[in-house]
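Dumped work19.cif below, it's mmCIF, C-alpha atoms and all ligand atoms:
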data_work
loop_
_atom_site.label_atom_id
_atom_site.label_comp_id
_atom_site.auth_asym_id
_atom_site.auth_seq_id
_atom_site.Cartn_x
_atom_site.Cartn_y
_atom_site.Cartn_z
CA MET A 1 94.61 106.13 78.29
CA ALA A 2 95.88 103.62 75.76
CA LEU A 3 99.28 105.13 75.16
CA LYS A 4 100.07 105.33 78.85
CA ALA A 5 99.15 101.69 79.41
CA VAL A 6 101.62 100.46 76.80
CA VAL A 7 105.00 100.72 78.45
CA GLY A 8 107.01 99.96 75.37
CA LEU A 9 107.14 97.92 72.21
CA SER A 10 109.25 97.61 69.15
CA VAL A 11 108.02 98.42 65.73
CA TYR A 12 109.48 96.93 62.64
CA SER A 13 109.60 97.65 59.01
CA THR A 14 111.24 95.78 56.15
CA SER A 15 112.61 98.95 54.66
CA GLN A 16 113.81 102.00 56.42
CA SER A 17 112.05 104.34 54.04
CA GLN A 18 108.70 102.97 55.11
CA LEU A 19 108.76 104.83 58.37
CA GLY A 20 110.52 107.94 57.31
CA ALA A 21 109.72 109.97 60.43
CA SER A 22 112.74 111.82 61.64
CA ASP A 23 111.64 113.12 65.01
CA LEU A 24 110.27 110.24 66.98
CA SER A 25 109.70 111.59 70.42
CA PHE A 26 106.24 111.26 71.94
CA LYS A 27 106.59 114.08 74.37
CA SER A 28 103.00 114.15 75.51
CA TYR A 29 103.04 110.57 76.73
CA GLY A 30 106.48 110.46 78.26
CA VAL A 31 107.67 107.82 75.82
CA SER A 32 111.05 108.13 74.20
CA CYS A 33 112.21 106.28 71.13
CA ASN A 34 115.60 104.88 70.19
CA ARG A 35 116.25 103.86 66.66
CA VAL A 36 118.35 100.74 66.18
CA ARG A 37 119.32 100.80 62.53
CA ASP A 38 121.39 97.93 61.26
CA SER A 39 121.41 97.96 57.50
CA GLU A 40 119.53 99.36 54.56
CA ARG A 41 117.42 96.22 54.59
CA ILE A 42 116.27 96.07 58.15
CA CYS A 43 115.15 98.72 60.47
CA ARG A 44 113.76 98.29 63.94
CA TRP A 45 112.49 100.85 66.29
CA VAL A 46 112.83 100.15 69.94
CA ILE A 47 110.73 102.35 72.09
CA CYS A 48 111.57 102.38 75.72
CA ASN A 49 109.82 103.85 78.63
CA SER A 50 112.18 105.41 81.10
CA PHE A 51 110.39 104.11 84.17
CA SER A 52 108.83 100.83 83.13
CA GLY A 53 111.44 98.81 81.28
CA LEU A 54 111.76 97.68 77.70
CA TYR A 55 109.65 95.55 75.40
CA VAL A 56 110.98 93.98 72.30
CA ASN A 57 109.03 92.32 69.53
CA ARG A 58 110.83 90.09 67.07
CA ALA A 59 110.99 91.61 63.66
CA THR A 60 110.47 89.34 60.68
CA GLY A 61 111.95 91.45 57.91
CA SER A 62 113.77 89.54 55.17
CA VAL A 63 117.52 89.87 54.98
CA GLU A 64 119.08 88.76 51.72
CA ASP A 65 122.81 89.05 51.83
CA GLU A 66 125.26 87.37 54.17
CA ASN A 67 126.53 90.64 55.50
CA SER A 68 123.16 91.81 56.62
CA SER A 69 122.47 88.29 58.05
CA LYS A 70 125.44 88.77 60.33
CA GLN A 71 124.29 92.23 61.25
CA THR A 72 120.80 90.93 61.89
CA ALA A 73 122.16 88.16 64.11
CA GLU A 74 124.15 90.74 66.04
CA LEU A 75 121.10 92.93 66.34
CA GLN A 76 119.05 89.95 67.49
CA ARG A 77 121.71 89.15 70.10
CA LEU A 78 121.48 92.73 71.31
CA ILE A 79 117.73 92.53 71.47
CA ASP A 80 117.81 89.16 73.28
CA GLN A 81 120.29 90.54 75.76
CA THR A 82 118.10 93.55 76.42
CA SER A 83 115.05 91.29 76.77
CA LYS A 84 116.75 89.40 79.60
CA ASN A 85 116.66 92.56 81.67
CA VAL A 86 112.93 92.91 81.32
CA PRO A 87 110.99 91.92 84.44
CA ARG A 88 108.89 88.76 83.98
CA ARG A 89 105.61 90.57 84.47
CA LEU A 90 106.31 92.78 81.47
CA HIS A 91 106.87 89.73 79.26
CA GLN A 92 103.48 88.43 80.27
CA ASP A 93 101.95 91.79 79.43
CA LEU A 94 103.59 91.63 76.03
CA GLY A 95 101.41 88.67 75.11
CA SER A 96 98.34 90.77 75.67
CA LEU A 97 99.52 93.50 73.32
CA GLN A 98 97.64 93.66 70.07
CA ARG A 99 99.57 92.52 67.05
CA PRO A 100 99.92 95.05 64.24
CA LEU A 101 97.36 94.67 61.49
CA SER A 102 98.32 93.01 58.24
CA ALA A 103 97.01 93.93 54.81
CA THR A 104 94.45 91.12 55.16
CA ASP A 105 93.15 92.50 58.45
CA LEU A 106 92.66 95.82 56.77
CA SER A 107 90.79 94.53 53.76
CA ALA A 108 87.49 96.31 53.32
CA SER A 109 85.24 93.35 53.99
CA SER A 110 86.96 91.24 56.60
CA ASN A 111 87.35 93.69 59.43
CA ASP A 112 84.48 94.10 61.88
CA GLY A 113 86.52 96.63 63.80
CA SER A 114 86.98 94.60 66.97
CA LYS A 115 90.04 95.59 68.95
CA VAL A 116 91.40 97.82 66.22
CA ARG A 117 93.23 100.79 67.75
CA ILE A 118 92.53 104.09 66.03
CA SER A 119 94.41 107.28 66.76
CA TYR A 120 92.97 110.75 66.24
CA LYS A 121 93.79 114.33 67.12
CA GLY A 122 91.89 115.62 70.09
CA ALA A 123 90.57 114.62 73.49
CA PRO A 124 88.01 111.84 74.09
CA GLY A 125 84.62 113.06 72.86
CA ALA A 126 86.05 114.86 69.79
CA TYR A 127 84.15 114.47 66.53
CA SER A 128 87.19 112.69 65.13
CA GLU A 129 86.64 110.03 67.81
CA TYR A 130 83.05 109.66 66.59
CA ALA A 131 84.46 109.14 63.11
CA ALA A 132 86.77 106.42 64.47
CA PHE A 133 83.77 104.64 66.03
CA LYS A 134 81.83 104.99 62.79
CA THR A 135 84.58 103.23 60.86
CA SER A 136 85.10 100.50 63.52
CA PRO A 137 82.37 100.42 66.21
CA ASN A 138 84.37 98.23 68.61
CA CYS A 139 87.66 100.03 68.21
CA GLU A 140 89.90 101.26 70.98
CA THR A 141 90.55 104.95 70.40
CA VAL A 142 93.94 106.57 70.96
CA PRO A 143 93.71 110.34 71.56
CA CYS A 144 96.71 112.41 70.43
CA ASP A 145 97.77 115.99 70.98
CA GLU A 146 98.65 116.84 67.40
CA PHE A 147 97.93 115.54 63.89
CA GLU A 148 101.62 114.64 63.65
CA ASP A 149 101.38 112.48 66.81
CA ALA A 150 98.31 110.71 65.44
CA PHE A 151 100.28 109.75 62.30
CA LYS A 152 103.29 108.64 64.33
CA ALA A 153 101.10 106.55 66.62
CA VAL A 154 100.34 104.36 63.59
CA GLU A 155 103.88 104.38 62.21
CA LEU A 156 105.13 103.24 65.61
CA CYS A 157 102.36 100.63 66.06
CA PHE A 158 100.75 102.31 69.06
CA ALA A 159 97.68 102.35 66.83
CA ASP A 160 96.57 100.40 63.76
CA LYS A 161 94.87 103.24 61.94
CA VAL A 162 94.52 107.00 62.17
CA VAL A 163 91.38 109.02 61.45
CA LEU A 164 91.82 112.65 60.39
CA PRO A 165 89.45 115.34 59.09
CA ILE A 166 90.20 116.19 55.44
CA GLU A 167 87.34 118.53 54.52
CA THR A 168 84.07 119.99 55.72
CA SER A 169 81.09 120.98 53.61
CA PHE A 170 81.20 124.32 55.38
CA ALA A 171 84.83 125.44 55.25
CA GLY A 172 86.45 123.20 52.64
CA SER A 173 89.75 121.41 53.01
CA THR A 174 91.77 120.81 56.17
CA ASN A 175 95.11 121.94 54.78
CA CYS A 176 97.33 120.49 57.49
CA THR A 177 95.98 116.98 56.84
CA TYR A 178 96.82 117.35 53.14
CA ASP A 179 100.32 118.51 53.98
CA LEU A 180 100.90 115.61 56.37
CA LEU A 181 99.82 113.00 53.81
CA LEU A 182 103.09 113.43 51.92
CA ARG A 183 105.27 113.75 54.99
CA HIS A 184 104.28 110.24 56.14
CA LYS A 185 104.24 106.89 54.39
CA LEU A 186 100.79 105.76 55.49
CA HIS A 187 98.13 104.60 53.05
CA ILE A 188 94.54 105.79 52.85
CA VAL A 189 92.38 102.73 53.53
CA GLY A 190 88.99 104.35 53.99
CA GLU A 191 86.91 107.46 54.46
CA VAL A 192 84.16 108.41 56.89
CA GLN A 193 81.53 111.11 56.44
CA LEU A 194 79.96 112.54 59.56
CA ALA A 195 77.13 114.98 60.09
CA CYS A 196 78.29 116.85 63.21
CA ASP A 197 75.65 117.76 65.77
CA PHE A 198 77.10 120.67 67.73
CA CYS A 199 75.94 121.41 71.30
CA LEU A 200 76.44 124.33 73.65
CA LEU A 201 77.81 123.01 76.96
CA ALA A 202 78.43 124.69 80.32
CA ARG A 203 79.31 123.72 83.86
CA PRO A 204 76.36 122.35 85.88
CA GLY A 205 74.30 125.20 87.32
CA VAL A 206 75.34 127.71 84.63
CA GLY A 207 72.58 129.07 82.35
CA ALA A 208 73.02 130.41 78.80
CA GLU A 209 72.29 133.97 80.05
CA GLN A 210 75.39 133.84 82.30
CA LEU A 211 77.77 133.09 79.44
CA LYS A 212 80.18 135.81 78.33
CA ARG A 213 82.44 133.66 76.13
CA VAL A 214 82.46 130.35 74.34
CA LEU A 215 85.46 128.17 73.49
CA SER A 216 85.80 125.61 70.72
CA HIS A 217 87.57 124.47 67.58
CA PRO A 218 87.40 127.31 65.00
CA LEU A 219 85.30 125.17 62.64
CA ALA A 220 82.78 124.31 65.35
CA LEU A 221 82.49 128.03 66.17
CA ALA A 222 82.07 128.87 62.50
CA HIS A 223 79.46 126.13 62.04
CA SER A 224 77.42 127.60 64.93
CA ASP A 225 77.75 131.22 63.85
CA VAL A 226 74.04 132.19 63.77
CA PHE A 227 73.28 130.67 67.17
CA LEU A 228 76.36 132.21 68.82
CA SER A 229 75.70 135.62 67.24
CA LYS A 230 72.23 135.64 68.81
CA LEU A 231 73.78 134.94 72.21
CA GLY A 232 76.20 137.83 71.56
CA ILE A 233 79.15 136.24 73.33
CA THR A 234 82.89 136.33 72.65
CA ARG A 235 84.36 133.35 70.78
CA GLU A 236 87.75 131.83 71.53
CA SER A 237 89.43 129.26 69.32
CA VAL A 238 91.12 126.24 70.83
CA ASP A 239 92.62 123.05 69.36
CA ASP A 240 89.61 120.74 69.53
CA THR A 241 86.02 120.70 70.73
CA ALA A 242 86.44 118.00 73.37
CA GLY A 243 89.67 119.58 74.64
CA ALA A 244 87.63 122.74 75.27
CA ALA A 245 85.07 120.71 77.24
CA GLN A 246 87.82 119.03 79.26
CA PHE A 247 89.36 122.42 80.03
CA LEU A 248 86.03 123.94 81.09
CA ALA A 249 85.19 121.01 83.35
CA SER A 250 88.51 121.32 85.14
CA SER A 251 88.30 125.11 85.46
CA ASN A 252 86.40 127.44 87.71
CA LEU A 253 84.83 129.38 84.87
CA TRP A 254 81.17 130.17 85.48
CA ASP A 255 80.87 132.62 82.58
CA SER A 256 82.18 130.32 79.83
CA GLY A 257 80.64 127.67 77.62
CA VAL A 258 81.96 125.37 74.91
CA VAL A 259 80.70 124.07 71.58
CA ALA A 260 81.26 120.32 71.58
CA SER A 261 79.52 116.95 71.21
CA ALA A 262 76.92 115.39 73.51
CA ARG A 263 79.47 112.65 74.22
CA ALA A 264 81.94 115.29 75.45
CA ALA A 265 79.22 116.57 77.84
CA ASP A 266 78.82 113.02 79.17
CA ILE A 267 82.53 112.38 79.55
CA TYR A 268 83.34 115.65 81.32
CA GLY A 269 80.12 116.07 83.34
CA LEU A 270 78.96 119.25 81.60
CA ASN A 271 75.35 120.28 80.95
CA ILE A 272 73.90 120.52 77.46
CA LEU A 273 72.30 123.98 77.19
CA ALA A 274 71.37 123.61 73.51
CA LYS A 275 71.60 120.84 70.91
CA GLY A 276 71.90 121.03 67.13
CA ILE A 277 73.17 124.62 67.13
CA GLN A 278 74.85 124.34 63.70
CA ASP A 279 73.71 126.77 60.99
CA ASP A 280 73.43 123.99 58.43
CA SER A 281 71.83 120.76 59.59
CA ASN A 282 73.18 119.09 56.43
CA ASN A 283 76.80 119.85 57.31
CA LEU A 284 79.28 117.09 56.59
CA THR A 285 82.84 116.48 57.71
CA ARG A 286 84.82 113.95 55.72
CA PHE A 287 87.59 112.04 57.49
CA LEU A 288 90.33 109.86 56.02
CA VAL A 289 91.38 106.56 57.57
CA LEU A 290 95.06 105.68 57.10
CA ALA A 291 97.06 102.57 57.94
CA ARG A 292 100.56 101.19 57.51
CA ASP A 293 99.51 98.80 54.74
CA PRO A 294 97.30 99.54 51.76
CA ILE A 295 94.15 97.51 51.21
CA ILE A 296 93.70 95.40 48.13
CA PRO A 297 91.65 97.39 45.58
CA ARG A 298 88.40 95.78 44.49
CA ALA A 299 85.97 96.47 41.71
CA ASP A 300 82.80 94.94 43.17
CA ARG A 301 81.78 98.06 45.12
CA PRO A 302 82.36 101.81 44.72
CA PHE A 303 86.02 102.60 45.30
CA LYS A 304 87.84 105.88 45.21
CA THR A 305 91.52 106.52 44.49
CA SER A 306 93.53 109.44 45.88
CA ILE A 307 96.74 110.57 44.20
CA VAL A 308 99.18 113.47 44.39
CA PHE A 309 101.46 114.68 41.63
CA THR A 310 103.58 117.57 40.40
CA LEU A 311 103.72 118.96 36.86
CA GLU A 312 105.93 121.22 34.85
CA GLY A 313 105.39 122.89 31.52
CA PRO A 314 102.78 124.82 29.54
CA GLY A 315 99.34 123.25 29.18
CA ILE A 316 100.41 120.25 31.21
CA LEU A 317 97.58 120.46 33.76
CA PHE A 318 95.07 120.26 30.92
CA LYS A 319 96.81 117.15 29.59
CA ALA A 320 97.01 115.60 33.06
CA LEU A 321 93.28 116.00 33.64
CA ALA A 322 92.53 114.71 30.15
CA VAL A 323 93.90 111.25 31.02
CA PHE A 324 90.86 110.82 33.27
CA ALA A 325 88.33 112.46 30.95
CA LEU A 326 89.44 110.21 28.07
CA ARG A 327 88.50 107.16 30.15
CA ASP A 328 85.25 108.55 31.60
CA ILE A 329 86.74 108.62 35.08
CA ASN A 330 84.97 111.08 37.32
CA LEU A 331 87.20 113.45 39.29
CA ILE A 332 85.61 114.05 42.69
CA LYS A 333 88.06 116.51 44.16
CA ILE A 334 91.09 118.59 43.18
CA GLU A 335 93.15 120.29 45.86
CA ILE A 336 96.25 122.36 45.15
CA ARG A 337 98.80 122.85 47.92
CA PRO A 338 102.15 124.65 47.77
CA GLU A 339 105.23 122.49 47.28
CA ARG A 340 106.99 123.68 50.41
CA LYS A 341 110.36 122.15 49.59
CA HIS A 342 110.60 124.10 46.32
CA PRO A 343 108.15 126.94 46.82
CA LEU A 344 109.33 129.17 44.00
CA ARG A 345 110.46 128.53 40.47
CA VAL A 346 112.13 131.39 38.62
CA VAL A 347 111.66 131.38 34.89
CA ASP A 348 114.25 133.49 33.16
CA ASP A 349 112.84 135.21 30.15
CA SER A 350 115.39 137.61 28.66
CA ASN A 351 112.72 139.77 27.03
CA ASN A 352 110.36 140.18 29.98
CA GLY A 353 112.56 139.77 33.04
CA SER A 354 112.17 136.77 35.27
CA ALA A 355 108.84 135.40 36.34
CA LYS A 356 108.33 133.55 39.63
CA TYR A 357 105.90 130.67 40.00
CA PHE A 358 104.73 128.85 43.06
CA ASP A 359 105.37 125.16 42.58
CA SER A 360 102.26 123.19 43.41
CA LEU A 361 101.19 119.74 44.52
CA PHE A 362 98.01 118.52 42.85
CA TYR A 363 95.87 116.21 44.98
CA ILE A 364 93.13 114.41 43.09
CA ASP A 365 90.41 111.98 44.20
CA PHE A 366 88.83 110.03 41.37
CA GLU A 367 85.93 107.66 41.28
CA ALA A 368 87.50 104.36 40.17
CA SER A 369 89.33 101.45 41.73
CA MET A 370 92.94 100.60 40.93
CA ALA A 371 91.57 97.13 40.20
CA GLU A 372 90.00 98.59 37.03
CA PRO A 373 92.13 98.61 33.86
CA ARG A 374 90.92 102.14 32.97
CA ALA A 375 92.34 103.49 36.28
CA GLN A 376 95.63 101.66 35.75
CA SER A 377 96.04 102.98 32.22
CA ALA A 378 95.09 106.53 33.30
CA LEU A 379 97.79 106.48 35.96
CA GLY A 380 100.26 104.95 33.51
CA GLN A 381 99.70 107.88 31.16
CA LEU A 382 99.76 110.41 33.99
CA GLN A 383 103.09 109.02 35.14
CA GLU A 384 104.57 109.94 31.76
CA LEU A 385 103.41 113.55 32.17
CA ALA A 386 104.09 114.09 35.87
CA THR A 387 107.41 114.98 37.44
CA PHE A 388 106.27 113.10 40.58
CA LEU A 389 103.28 110.84 41.24
CA ARG A 390 102.17 108.95 44.33
CA VAL A 391 99.03 106.90 44.90
CA LEU A 392 97.91 107.83 48.41
CA GLY A 393 95.33 105.07 48.59
CA CYS A 394 92.50 103.22 46.92
CA TYR A 395 89.58 102.66 49.28
CA PRO A 396 85.84 102.06 49.51
CA MET A 397 83.69 105.18 49.34
CA ASP A 398 81.61 105.96 52.43
CA THR A 399 78.09 105.82 51.14
CA MET A 400 76.36 105.59 54.54
CA LEU A 401 75.31 108.65 56.49
O1 LIG B 1 87.55 119.23 67.37
C1 LIG B 1 87.02 118.16 67.07
O2 LIG B 1 86.16 117.63 67.76
C2 LIG B 1 87.46 117.46 65.86
O3 LIG B 1 87.28 116.28 65.75
C3 LIG B 1 88.07 118.26 64.75
C4 LIG B 1 87.06 118.81 63.74
C5 LIG B 1 87.84 119.30 62.47
O4 LIG B 1 89.02 119.59 62.57
O5 LIG B 1 87.20 119.44 61.42
C6 LIG B 1 86.14 117.78 63.28
C7 LIG B 1 84.84 118.03 63.01
C8 LIG B 1 84.24 119.38 63.16
O6 LIG B 1 84.15 119.95 61.86
C9 LIG B 1 85.07 120.26 64.00
C10 LIG B 1 86.35 119.97 64.29
#

Show me this structure written as structure tokens.
Amino acid sequence: MALKAVVGLSVYSTSQSQLGASDLSFKSYGVSCNRVRDSERICRWVICNSFSGLYVNRATGSVEDENSSKQTAELQRLIDQTSKNVPRRLHQDLGSLQRPLSATDLSASSNDGSKVRISYKGAPGAYSEYAAFKTSPNCETVPCDEFEDAFKAVELCFADKVVLPIETSFAGSTNCTYDLLLRHKLHIVGEVQLACDFCLLARPGVGAEQLKRVLSHPLALAHSDVFLSKLGITRESVDDTAGAAQFLASSNLWDSGVVASARAADIYGLNILAKGIQDDSNNLTRFLVLARDPIIPRADRPFKTSIVFTLEGPGILFKALAVFALRDINLIKIEIRPERKHPLRVVDDSNNGSAKYFDSLFYIDFEASMAEPRAQSALGQLQELATFLRVLGCYPMDTML
């Protein structure tokens, strides 16, 4: 597994706010992280593996004042000193590590996907892994236990990009992905749409008539509702489809099946009892691709822009949406999530008592590139109305199914 093979590396950022993650432990992979912060201007993250030694990459962040130059020199000395303790073999391995992607690498046209590392939540064979292969056919995939880990894998340069489900045609938005978008400083650089082909899998020798229960991701179970209802078996929700297949393969369960992909059947040596068991053969899951650097917006192909903002005041949502309508910009999606940091606003009205509102985050996808003047002026006007506004990314639309 990719994360286990990398015994340690340092990750750098020119500003400390760029990383922003507070808890940096990768518990599932036995990697611990130490933060070596030197000044406001430079921030390096040294990740060390307790049993394999320490790798250090040279950071190239710019340091402007004399004071921070001194601090940087001191930090460099510390790093050099630590490097001396690293066994020679590990230095040689360091050369074979992939360098982090730059904005140019991530530009929509130049990347054929070779050697790009893409993290995702789930075990090998998950639909999210399919999505990673769809975006970059030659990529190296990095499975992660949780959505949070998949984000951190990119922030810490274990991976170059992360692929996460954002919505399905069947059940709507994946709320936790929306919530994580603001908790991390990654940029949306692409999207992938996937028609999931769900299969019923069981251990070799087990027939459908022997099954008493089926395990899978709740969405995969929901997608296969009609088929599973006909079988009349109990459903159990687990974290991801491929994780269920992995669990079944390593268990002794002869009365259980899983709903997962054909690739998961291959990987874990399970039999495919039925293929294409989804209720709706036109189902779609949309995934977002995020990276450390944004891509350069273009106007020569269909681009989409995703933003999030907060508003306050009567009629303000109407005005906010009007900035797009006035410029003929098509809104593709609006998602409203609670502002968890300030969930309630109390409005004191002496005549009618006090009213409580939920404060909301408005996520909008619109069909225009930030390279277009109409998109720039719409956001300029929105900025005047909004109490907070962030562009999450401007990226090519996935038009291929
Ligand atoms: O469990 C998986 O295989 C996943 O990749 C996750 C996921 C999701 O969360 O939407 C992806 C596609 C399917 O809709 C079912 C599950």

Legend entry - Residues within 7 Å of (78.7, 117.8, 63.0), counting all atoms listed in the file, listed as a PyMOL selection string: chain A and resi 194-198+283-285

Please produce an output containing C-alpha atoms for each residue in the selection, written as an mmCIF file, keeping the file's coordinate frame.
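Okay, this is what ended up in out00.cif:
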data_model
loop_
_atom_site.group_PDB
_atom_site.id
_atom_site.type_symbol
_atom_site.label_atom_id
_atom_site.label_comp_id
_atom_site.auth_asym_id
_atom_site.auth_seq_id
_atom_site.Cartn_x
_atom_site.Cartn_y
_atom_site.Cartn_z
ATOM 1 C CA LEU A 194 79.960 112.540 59.560
ATOM 2 C CA ALA A 195 77.130 114.980 60.090
ATOM 3 C CA CYS A 196 78.290 116.850 63.210
ATOM 4 C CA ASP A 197 75.650 117.760 65.770
ATOM 5 C CA PHE A 198 77.100 120.670 67.730
ATOM 6 C CA ASN A 283 76.800 119.850 57.310
ATOM 7 C CA LEU A 284 79.280 117.090 56.590
ATOM 8 C CA THR A 285 82.840 116.480 57.710
#

Legend entry - Env. residues ligand LIG 1 (chain B) / 8 Å / all atoms listed in the file / as a PyMOL selection string: chain A and resi 120-123+125-130+164-168+174+196+216-220+223+239-243+260-261+284-285

Inset, instruction - Would you mind telling me which residue in A:Pro294, A:Pro338, A:Gly257, A:Pro124 lies nearest to A:Val206 when using all atoms listed in the file? - result: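 Using all atoms listed in the file, the shortest distance to A:Val206 belongs to A:Gly257.
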
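When the distance limit is 9 Å and only C-alpha atoms are what count, the residues near A:Asp398, minus those fewer than 2 positions from it on the same chain, are Gly190, Glu191, Val192, Gln193, Pro302, Pro396, Met400 and Leu401 of chain A.
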
Inset, instruction - Go ahead and compute the interatomic distance for atom CA of A:Glu372 and atom CA of A:Arg327, in Å to one decimal. - result: 11.1 Å

Inset, instruction - Calculate how many Å separate atom CA of A:Arg292 from atom CA of A:Gln381, rounding to one decimal. - result: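 Answer for the atom CA of A:Arg292 to atom CA of A:Gln381 separation: 27.2 Å.
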
Inset, instruction - Find the residue from A:Ala322, A:Leu290, A:Ala222, A:Ala386 that sits nearest to A:Leu180; use all atoms listed in the file when measuring. - result: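 Between A:Ala322, A:Leu290, A:Ala222, A:Ala386, the residue approaching A:Leu180 most closely is A:Leu290.
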
Legend entry - Long-range neighbours of A:Cys394 as a list in words, 9 Å cut-off, only C-alpha atoms, 4 positions minimum in chain: His187, Ile188, Val189, Gly190, Pro294, Ile295, Ile296, Pro297, Arg298, Phe303, Lys304, Thr305, Ser306, Ile307, Ala368, Ser369 and Met370 of chain A

Legend entry - Distance query stretch 361-365 of chain A at most 10 Å, only C-alpha atoms, self and fewer than 4 positions along chain excluded, as a PyMOL selection string: chain A and resi 178-179+182+304-311+317+321+330-340+388-394

Inset, instruction - Just give me the gap between atom CA of A:Phe324 and atom CA of A:Ala371 in Å, one decimal is fine. - result: 15.4 Å

Inset, instruction - Can you pull out every residue within 12 Å of stretch 271-279 of chain A, counting only C-alpha atoms, but drop anything in the same chain fewer than 3 positions away, and send it as a PyMOL selection string? - result: chain A and resi 169-170+195-211+219-231+245+248-249+257-268+282-284

Legend entry - Polymer residues at most 9 Å from A:Asp160, all atoms listed in the file, same-chain spacing of 4 or more positions, as a PyMOL selection string: chain A and resi 100-101+116-119+153-155+290-292

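Nearest to A:Leu186 of all the residues A:Asp359, A:Asp145, A:Asp293, A:Glu384 is A:Asp293, based on only C-alpha atoms.
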
Using the file's own x, y and z axes, so that the box edges lie along x, y and z, what centre and edge lengths in Å (one decimal) does a box around every listed atom of stretch 211-226 of chain A get when 4 Å is added on each side? Give it as lines of an AutoDock Vina configuration file.
center_x = 80.8
center_y = 130.1
center_z = 70.7
size_x = 21.5
size_y = 19.5
size_z = 25.4

Reconstructed stretch 197-213 of chain A, atom set N, CA and C atoms, as a PDB file, in the coordinates of the input:
ATOM      1  N   ASP A 197      76.732 117.117  65.018  1.00  0.00           N
ATOM      2  CA  ASP A 197      75.650 117.760  65.770  1.00  0.00           C
ATOM      3  C   ASP A 197      76.312 118.542  66.905  1.00  0.00           C
ATOM      4  N   PHE A 198      76.383 119.855  66.736  1.00  0.00           N
ATOM      5  CA  PHE A 198      77.100 120.670  67.730  1.00  0.00           C
ATOM      6  C   PHE A 198      76.179 121.064  68.874  1.00  0.00           C
ATOM      7  N   CYS A 199      76.711 121.047  70.105  1.00  0.00           N
ATOM      8  CA  CYS A 199      75.940 121.410  71.300  1.00  0.00           C
ATOM      9  C   CYS A 199      76.645 122.540  72.050  1.00  0.00           C
ATOM     10  N   LEU A 200      75.857 123.329  72.756  1.00  0.00           N
ATOM     11  CA  LEU A 200      76.440 124.330  73.650  1.00  0.00           C
ATOM     12  C   LEU A 200      76.463 123.717  75.046  1.00  0.00           C
ATOM     13  N   LEU A 201      77.647 123.641  75.635  1.00  0.00           N
ATOM     14  CA  LEU A 201      77.810 123.010  76.960  1.00  0.00           C
ATOM     15  C   LEU A 201      78.300 124.036  77.974  1.00  0.00           C
ATOM     16  N   ALA A 202      77.920 123.827  79.239  1.00  0.00           N
ATOM     17  CA  ALA A 202      78.430 124.690  80.320  1.00  0.00           C
ATOM     18  C   ALA A 202      78.552 123.865  81.583  1.00  0.00           C
ATOM     19  N   ARG A 203      79.185 124.431  82.576  1.00  0.00           N
ATOM     20  CA  ARG A 203      79.310 123.720  83.860  1.00  0.00           C
ATOM     21  C   ARG A 203      77.921 123.581  84.487  1.00  0.00           C
ATOM     22  N   PRO A 204      77.670 122.527  85.252  1.00  0.00           N
ATOM     23  CA  PRO A 204      76.360 122.350  85.880  1.00  0.00           C
ATOM     24  C   PRO A 204      75.989 123.595  86.707  1.00  0.00           C
ATOM     25  N   GLY A 205      74.761 124.030  86.558  1.00  0.00           N
ATOM     26  CA  GLY A 205      74.300 125.200  87.320  1.00  0.00           C
ATOM     27  C   GLY A 205      74.439 126.506  86.546  1.00  0.00           C
ATOM     28  N   VAL A 206      75.151 126.475  85.420  1.00  0.00           N
ATOM     29  CA  VAL A 206      75.340 127.710  84.630  1.00  0.00           C
ATOM     30  C   VAL A 206      74.289 127.757  83.520  1.00  0.00           C
ATOM     31  N   GLY A 207      73.582 128.892  83.403  1.00  0.00           N
ATOM     32  CA  GLY A 207      72.580 129.070  82.350  1.00  0.00           C
ATOM     33  C   GLY A 207      73.172 129.834  81.173  1.00  0.00           C
ATOM     34  N   ALA A 208      72.503 129.748  80.015  1.00  0.00           N
ATOM     35  CA  ALA A 208      73.020 130.410  78.800  1.00  0.00           C
ATOM     36  C   ALA A 208      73.167 131.914  79.025  1.00  0.00           C
ATOM     37  N   GLU A 209      72.263 132.508  79.839  1.00  0.00           N
ATOM     38  CA  GLU A 209      72.290 133.970  80.050  1.00  0.00           C
ATOM     39  C   GLU A 209      73.531 134.420  80.832  1.00  0.00           C
ATOM     40  N   GLN A 210      74.187 133.479  81.522  1.00  0.00           N
ATOM     41  CA  GLN A 210      75.390 133.840  82.300  1.00  0.00           C
ATOM     42  C   GLN A 210      76.661 133.838  81.447  1.00  0.00           C
ATOM     43  N   LEU A 211      76.553 133.272  80.245  1.00  0.00           N
ATOM     44  CA  LEU A 211      77.770 133.090  79.440  1.00  0.00           C
ATOM     45  C   LEU A 211      78.258 134.402  78.819  1.00  0.00           C
ATOM     46  N   LYS A 212      79.566 134.625  78.962  1.00  0.00           N
ATOM     47  CA  LYS A 212      80.180 135.810  78.330  1.00  0.00           C
ATOM     48  C   LYS A 212      81.086 135.373  77.175  1.00  0.00           C
ATOM     49  N   ARG A 213      81.570 134.133  77.216  1.00  0.00           N
ATOM     50  CA  ARG A 213      82.440 133.660  76.130  1.00  0.00           C
ATOM     51  C   ARG A 213      82.218 132.163  75.891  1.00  0.00           C
TER      52      ARG A 213
END
